[in-house]
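Asks: Take this structure, written in C-alpha cells, and hold onto it; I'll ask about it next.
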Amino acid sequence: MSDYLVKASVYGGMVRAYATTTTEAVEEARRRQDTWATASAALGRSITITGLMGAMLKGEDTITAKIEGDGPLGAIICDSNAKGDVRGYVINPHVDFPLNSQGKLDVKRAVGVEGTLSVVKDLGLKDYFTGQVPIVSGEISEDFTYYFANSEQTPSAVGAGVLVNPDHTILAAGGFIVQLMPGASEEIISKLEKAIEFLPPISSLIRDGKNPEQILQQLFKDDDIKFLEKMSIKFQCKCSKERMMNAIKGLGKKEILEMIEEDHGAETTCHFCNNKYNITEEELKTLL
C-alpha cells in the first residue's frame, strides 16, 4: 500500500487529527542514504512528523525542521510541503546501537539530549516564521510535542514510529498528530489523554496492516470522527542541476575560478537524495 495521510475532525471540531503511513518514503530515504537501523529510526520519525506538519500548510507553503542534538547522528534536516512531498537526511547515517532497555531502537542515544529543534515555515510572506525549542528527550516525538506547546501554543500529542528489518530495510513507519482547538473542555482533554496512553505503538499498528483511518478509529474508538481529506505522501527531492549551479554561483568568482583552473569542472552531491551532478568547465565559465 502506498503511503498516504488523512486529516480528520473529532469531538465536534474541538480536536483536529492527522495520521499517516510513511513506510515507502522512509525506505526511500534509507536506501538513498544507506542509513543504519538506529539512524533510520531517527530519520524516519523526523520525516514522518515533518510530513504531517506539511499537511497543515496551504498552497506553495513549505516547512523545514532541524534537530541538532549532541549525539553521534549530528543534525537531522527534513522539509515538506502542502502537497505531500517530504525529504530528509542525517549528517552521520552510519549510526546504530543495541536496543535500549525497552527493547526499542535507541534513538535518544543517537540524537542526544542536549541541543535544539528548530522549525522554519515559508508561508509566502516577506519574513519566514521561525520557532526554536530545546530538545527535551531526544526521542523526536516528545520534542515536537514540546515544540507545538511552546512555540506555536497549540497543545498537541505527536507520535511517530519506525520498525526496521534485520537487513536494515524499513518494515513499517508512520505517525499521528492530534491537536486541541481553543475551547476544548476538560472532559475532552481527559478523554484524549487516556486514549493516547492506551494506543499501541504506531509502528506496530502499521506493521499489523492498519491504515491511517483505522489508526484514528482505534485512537478515538466510538467517538464521532469526520474525515476531511486524504493525500498521498512520498519522498520527493527538489534538487536539479540548475539548483546546484545556482549554489555554486553563490560561492563567488574566486571559488569558481579555482574550480575551473584546478579541477576543470565540479561534481556536487545532493544531501537529501545523493544524486550527483557533474558541472563541466564550460558550464562553470557561464556562471562568471
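By order of appearance in the C-alpha cells: chains A, B, ..., then residues from 1 within every chain, and ligands from 1 in the order shown.
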Give me every strand (DSSP E) residue in segment 173-287 of chain A, going by DSSP on the backbone, as a PyMOL selection string.
Replies: chain A and resi 173-180+225-232+234-235+265-269+276-280
Asks: Which neighbours of Glu255 of chain A fall inside 12 Å, counting only C-alpha atoms, when residues of the same chain fewer than 4 positions from it are skipped, and could you give them as a count of residues only?
Replies: 16
Asks: When you look at Asp122 of chain A with a cut-off of 7 Å (counting only C-alpha atoms), what residues show up, excluding the ones that are within fewer than 4 positions of it in the same chain? I need them as a list in words.
Replies: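 Residues meeting the cut-off are Asp61, Thr62, Ile63, Tyr128 and Phe129 of chain A.
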Asks: Okay, now the selection with N, CA and C atoms, as a compact mmCIF listing (two decimals), in the first residue's frame?
Replies:
```
# COMPACT_ATOMS: atom_id res chain seq x y z
N ASP A 61 3.23 26.81 0.37
CA ASP A 61 3.96 26.93 1.63
C ASP A 61 4.86 25.71 1.88
N THR A 62 5.97 25.92 2.54
CA THR A 62 6.89 24.83 2.88
C THR A 62 7.33 24.93 4.33
N ILE A 63 7.83 23.83 4.84
CA ILE A 63 8.32 23.79 6.22
C ILE A 63 9.62 23.01 6.27
N TYR A 128 10.04 34.75 7.13
CA TYR A 128 9.72 33.37 7.49
C TYR A 128 9.24 33.32 8.94
N PHE A 129 8.40 32.31 9.22
CA PHE A 129 8.07 32.02 10.62
C PHE A 129 9.13 31.06 11.14
```
Asks: As a list in words, please: the residues near Ile233 of chain A (cut-off 6 Å, only C-alpha atoms, same-chain neighbours under 5 positions excluded).
Replies: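 Result of the neighbour search: Asp3, Tyr4 and Gly84 of chain A.
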Asks: Need the shell around segment 148-158 of chain A: protein/DNA/RNA residues with any atom at most 10 Å away, counting only C-alpha atoms. Skip same-chain ones fewer than 3 positions apart. Format as a VMD selection string?
Replies: chain A and resid 15 to 19 49 52 118 to 119 130 to 133 140 to 145 175 to 182 189 192 to 193 196
Asks: Pull N, CA and C atoms from the residues just selected and write them as a PDB file, in the first residue's frame.
Replies:
```pdb
ATOM      1  N   VAL A  15     -11.155  18.891  18.321  1.00  0.00           N
ATOM      2  CA  VAL A  15      -9.859  18.230  18.126  1.00  0.00           C
ATOM      3  C   VAL A  15      -9.646  18.030  16.630  1.00  0.00           C
ATOM      4  N   ARG A  16      -8.451  18.367  16.166  1.00  0.00           N
ATOM      5  CA  ARG A  16      -8.112  18.010  14.785  1.00  0.00           C
ATOM      6  C   ARG A  16      -7.011  16.958  14.827  1.00  0.00           C
ATOM      7  N   ALA A  17      -7.095  16.026  13.891  1.00  0.00           N
ATOM      8  CA  ALA A  17      -6.195  14.870  13.932  1.00  0.00           C
ATOM      9  C   ALA A  17      -5.647  14.572  12.544  1.00  0.00           C
ATOM     10  N   TYR A  18      -4.396  14.147  12.538  1.00  0.00           N
ATOM     11  CA  TYR A  18      -3.717  13.750  11.305  1.00  0.00           C
ATOM     12  C   TYR A  18      -3.049  12.403  11.567  1.00  0.00           C
ATOM     13  N   ALA A  19      -3.116  11.506  10.591  1.00  0.00           N
ATOM     14  CA  ALA A  19      -2.410  10.223  10.713  1.00  0.00           C
ATOM     15  C   ALA A  19      -1.851   9.849   9.344  1.00  0.00           C
ATOM     16  N   ILE A  49       6.970  13.152  10.951  1.00  0.00           N
ATOM     17  CA  ILE A  49       6.368  14.304  11.629  1.00  0.00           C
ATOM     18  C   ILE A  49       6.419  15.540  10.743  1.00  0.00           C
ATOM     19  N   LEU A  52       3.630  15.313   8.315  1.00  0.00           N
ATOM     20  CA  LEU A  52       2.359  15.648   8.952  1.00  0.00           C
ATOM     21  C   LEU A  52       2.210  17.162   9.107  1.00  0.00           C
ATOM     22  N   SER A 118      14.489  23.224  15.659  1.00  0.00           N
ATOM     23  CA  SER A 118      14.037  24.473  15.051  1.00  0.00           C
ATOM     24  C   SER A 118      13.159  24.173  13.847  1.00  0.00           C
ATOM     25  N   VAL A 119      12.161  25.005  13.662  1.00  0.00           N
ATOM     26  CA  VAL A 119      11.209  24.860  12.562  1.00  0.00           C
ATOM     27  C   VAL A 119      11.113  26.191  11.834  1.00  0.00           C
ATOM     28  N   THR A 130       9.772  31.410  12.248  1.00  0.00           N
ATOM     29  CA  THR A 130      10.812  30.552  12.821  1.00  0.00           C
ATOM     30  C   THR A 130      10.522  30.301  14.292  1.00  0.00           C
ATOM     31  N   GLY A 131      10.578  29.037  14.681  1.00  0.00           N
ATOM     32  CA  GLY A 131      10.416  28.671  16.081  1.00  0.00           C
ATOM     33  C   GLY A 131      11.521  27.729  16.505  1.00  0.00           C
ATOM     34  N   GLN A 132      12.009  27.894  17.723  1.00  0.00           N
ATOM     35  CA  GLN A 132      13.087  27.026  18.215  1.00  0.00           C
ATOM     36  C   GLN A 132      12.854  26.688  19.681  1.00  0.00           C
ATOM     37  N   VAL A 133      13.055  25.419  20.013  1.00  0.00           N
ATOM     38  CA  VAL A 133      12.933  24.970  21.397  1.00  0.00           C
ATOM     39  C   VAL A 133      14.095  24.032  21.717  1.00  0.00           C
ATOM     40  N   ILE A 140      12.409  12.397  19.547  1.00  0.00           N
ATOM     41  CA  ILE A 140      11.795  13.067  18.400  1.00  0.00           C
ATOM     42  C   ILE A 140      10.322  13.431  18.635  1.00  0.00           C
ATOM     43  N   SER A 141       9.462  12.454  18.888  1.00  0.00           N
ATOM     44  CA  SER A 141       8.032  12.741  19.053  1.00  0.00           C
ATOM     45  C   SER A 141       7.787  13.690  20.221  1.00  0.00           C
ATOM     46  N   GLU A 142       8.411  13.401  21.360  1.00  0.00           N
ATOM     47  CA  GLU A 142       8.245  14.250  22.535  1.00  0.00           C
ATOM     48  C   GLU A 142       8.808  15.650  22.290  1.00  0.00           C
ATOM     49  N   ASP A 143       9.862  15.718  21.495  1.00  0.00           N
ATOM     50  CA  ASP A 143      10.465  17.015  21.199  1.00  0.00           C
ATOM     51  C   ASP A 143       9.531  17.876  20.354  1.00  0.00           C
ATOM     52  N   PHE A 144       8.852  17.263  19.392  1.00  0.00           N
ATOM     53  CA  PHE A 144       7.887  18.016  18.581  1.00  0.00           C
ATOM     54  C   PHE A 144       6.643  18.366  19.399  1.00  0.00           C
ATOM     55  N   THR A 145       6.239  17.495  20.311  1.00  0.00           N
ATOM     56  CA  THR A 145       5.117  17.818  21.202  1.00  0.00           C
ATOM     57  C   THR A 145       5.440  19.070  22.006  1.00  0.00           C
ATOM     58  N   GLY A 175       2.885   7.830  11.646  1.00  0.00           N
ATOM     59  CA  GLY A 175       2.712   8.656  12.833  1.00  0.00           C
ATOM     60  C   GLY A 175       1.382   9.383  12.854  1.00  0.00           C
ATOM     61  N   PHE A 176       1.202  10.182  13.896  1.00  0.00           N
ATOM     62  CA  PHE A 176      -0.014  10.975  14.037  1.00  0.00           C
ATOM     63  C   PHE A 176       0.296  12.267  14.782  1.00  0.00           C
ATOM     64  N   ILE A 177      -0.542  13.260  14.564  1.00  0.00           N
ATOM     65  CA  ILE A 177      -0.545  14.480  15.363  1.00  0.00           C
ATOM     66  C   ILE A 177      -2.001  14.776  15.704  1.00  0.00           C
ATOM     67  N   VAL A 178      -2.267  14.966  16.983  1.00  0.00           N
ATOM     68  CA  VAL A 178      -3.608  15.301  17.456  1.00  0.00           C
ATOM     69  C   VAL A 178      -3.507  16.634  18.196  1.00  0.00           C
ATOM     70  N   GLN A 179      -4.363  17.592  17.834  1.00  0.00           N
ATOM     71  CA  GLN A 179      -4.273  18.926  18.410  1.00  0.00           C
ATOM     72  C   GLN A 179      -5.605  19.386  18.997  1.00  0.00           C
ATOM     73  N   LEU A 180      -5.517  20.016  20.162  1.00  0.00           N
ATOM     74  CA  LEU A 180      -6.701  20.580  20.818  1.00  0.00           C
ATOM     75  C   LEU A 180      -6.981  21.970  20.258  1.00  0.00           C
ATOM     76  N   MET A 181      -8.238  22.229  19.944  1.00  0.00           N
ATOM     77  CA  MET A 181      -8.640  23.544  19.489  1.00  0.00           C
ATOM     78  C   MET A 181      -9.063  24.395  20.692  1.00  0.00           C
ATOM     79  N   PRO A 182      -8.986  25.725  20.553  1.00  0.00           N
ATOM     80  CA  PRO A 182      -9.434  26.591  21.651  1.00  0.00           C
ATOM     81  C   PRO A 182     -10.872  26.271  22.051  1.00  0.00           C
ATOM     82  N   ILE A 189     -10.207  16.801  27.007  1.00  0.00           N
ATOM     83  CA  ILE A 189      -8.766  16.679  27.257  1.00  0.00           C
ATOM     84  C   ILE A 189      -8.458  15.386  27.995  1.00  0.00           C
ATOM     85  N   LEU A 192      -8.958  12.356  25.721  1.00  0.00           N
ATOM     86  CA  LEU A 192      -7.883  12.261  24.739  1.00  0.00           C
ATOM     87  C   LEU A 192      -6.603  11.729  25.371  1.00  0.00           C
ATOM     88  N   GLU A 193      -6.262  12.227  26.536  1.00  0.00           N
ATOM     89  CA  GLU A 193      -5.048  11.764  27.219  1.00  0.00           C
ATOM     90  C   GLU A 193      -5.107  10.267  27.487  1.00  0.00           C
ATOM     91  N   ILE A 196      -4.676   8.232  24.162  1.00  0.00           N
ATOM     92  CA  ILE A 196      -3.288   8.187  23.686  1.00  0.00           C
ATOM     93  C   ILE A 196      -2.442   7.265  24.565  1.00  0.00           C
TER      94      ILE A 196
END
```
Asks: Need to verify the contact set: segment 199-210 of chain A, 6 Å, only C-alpha atoms, exclusion of same-chain residues closer than 5 positions in sequence. Can you return it as an mmCIF file with N, CA and C atoms, in the first residue's frame?
Replies:
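Saved to part_39.cif:
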```
data_model
loop_
_atom_site.group_PDB
_atom_site.id
_atom_site.type_symbol
_atom_site.label_atom_id
_atom_site.label_comp_id
_atom_site.auth_asym_id
_atom_site.auth_seq_id
_atom_site.Cartn_x
_atom_site.Cartn_y
_atom_site.Cartn_z
ATOM 1 N N GLY A 161 6.713 6.362 14.675
ATOM 2 C CA GLY A 161 7.490 5.149 14.931
ATOM 3 C C GLY A 161 7.996 4.520 13.653
ATOM 4 N N VAL A 162 9.102 3.796 13.786
ATOM 5 C CA VAL A 162 9.722 3.109 12.653
ATOM 6 C C VAL A 162 10.181 1.729 13.113
ATOM 7 N N ALA A 172 7.986 -0.923 8.772
ATOM 8 C CA ALA A 172 6.785 -0.105 8.969
ATOM 9 C C ALA A 172 7.174 1.258 9.512
ATOM 10 N N ALA A 173 6.472 2.292 9.058
ATOM 11 C CA ALA A 173 6.723 3.642 9.562
ATOM 12 C C ALA A 173 5.458 4.471 9.414
#
```
Asks: What lies within 7 Å of segment 106-111 of chain A using only C-alpha atoms, ignoring chain neighbours under 3 positions off, as a PyMOL selection string?
Replies: chain A and resi 38+41-42+69-73+97+99-100+137-139
Asks: Mind pulling up the distance from atom CA of Lys121 of chain A to atom CA of Gln236 of chain A?
Replies: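 Those two atoms sit 18.1 Å apart.
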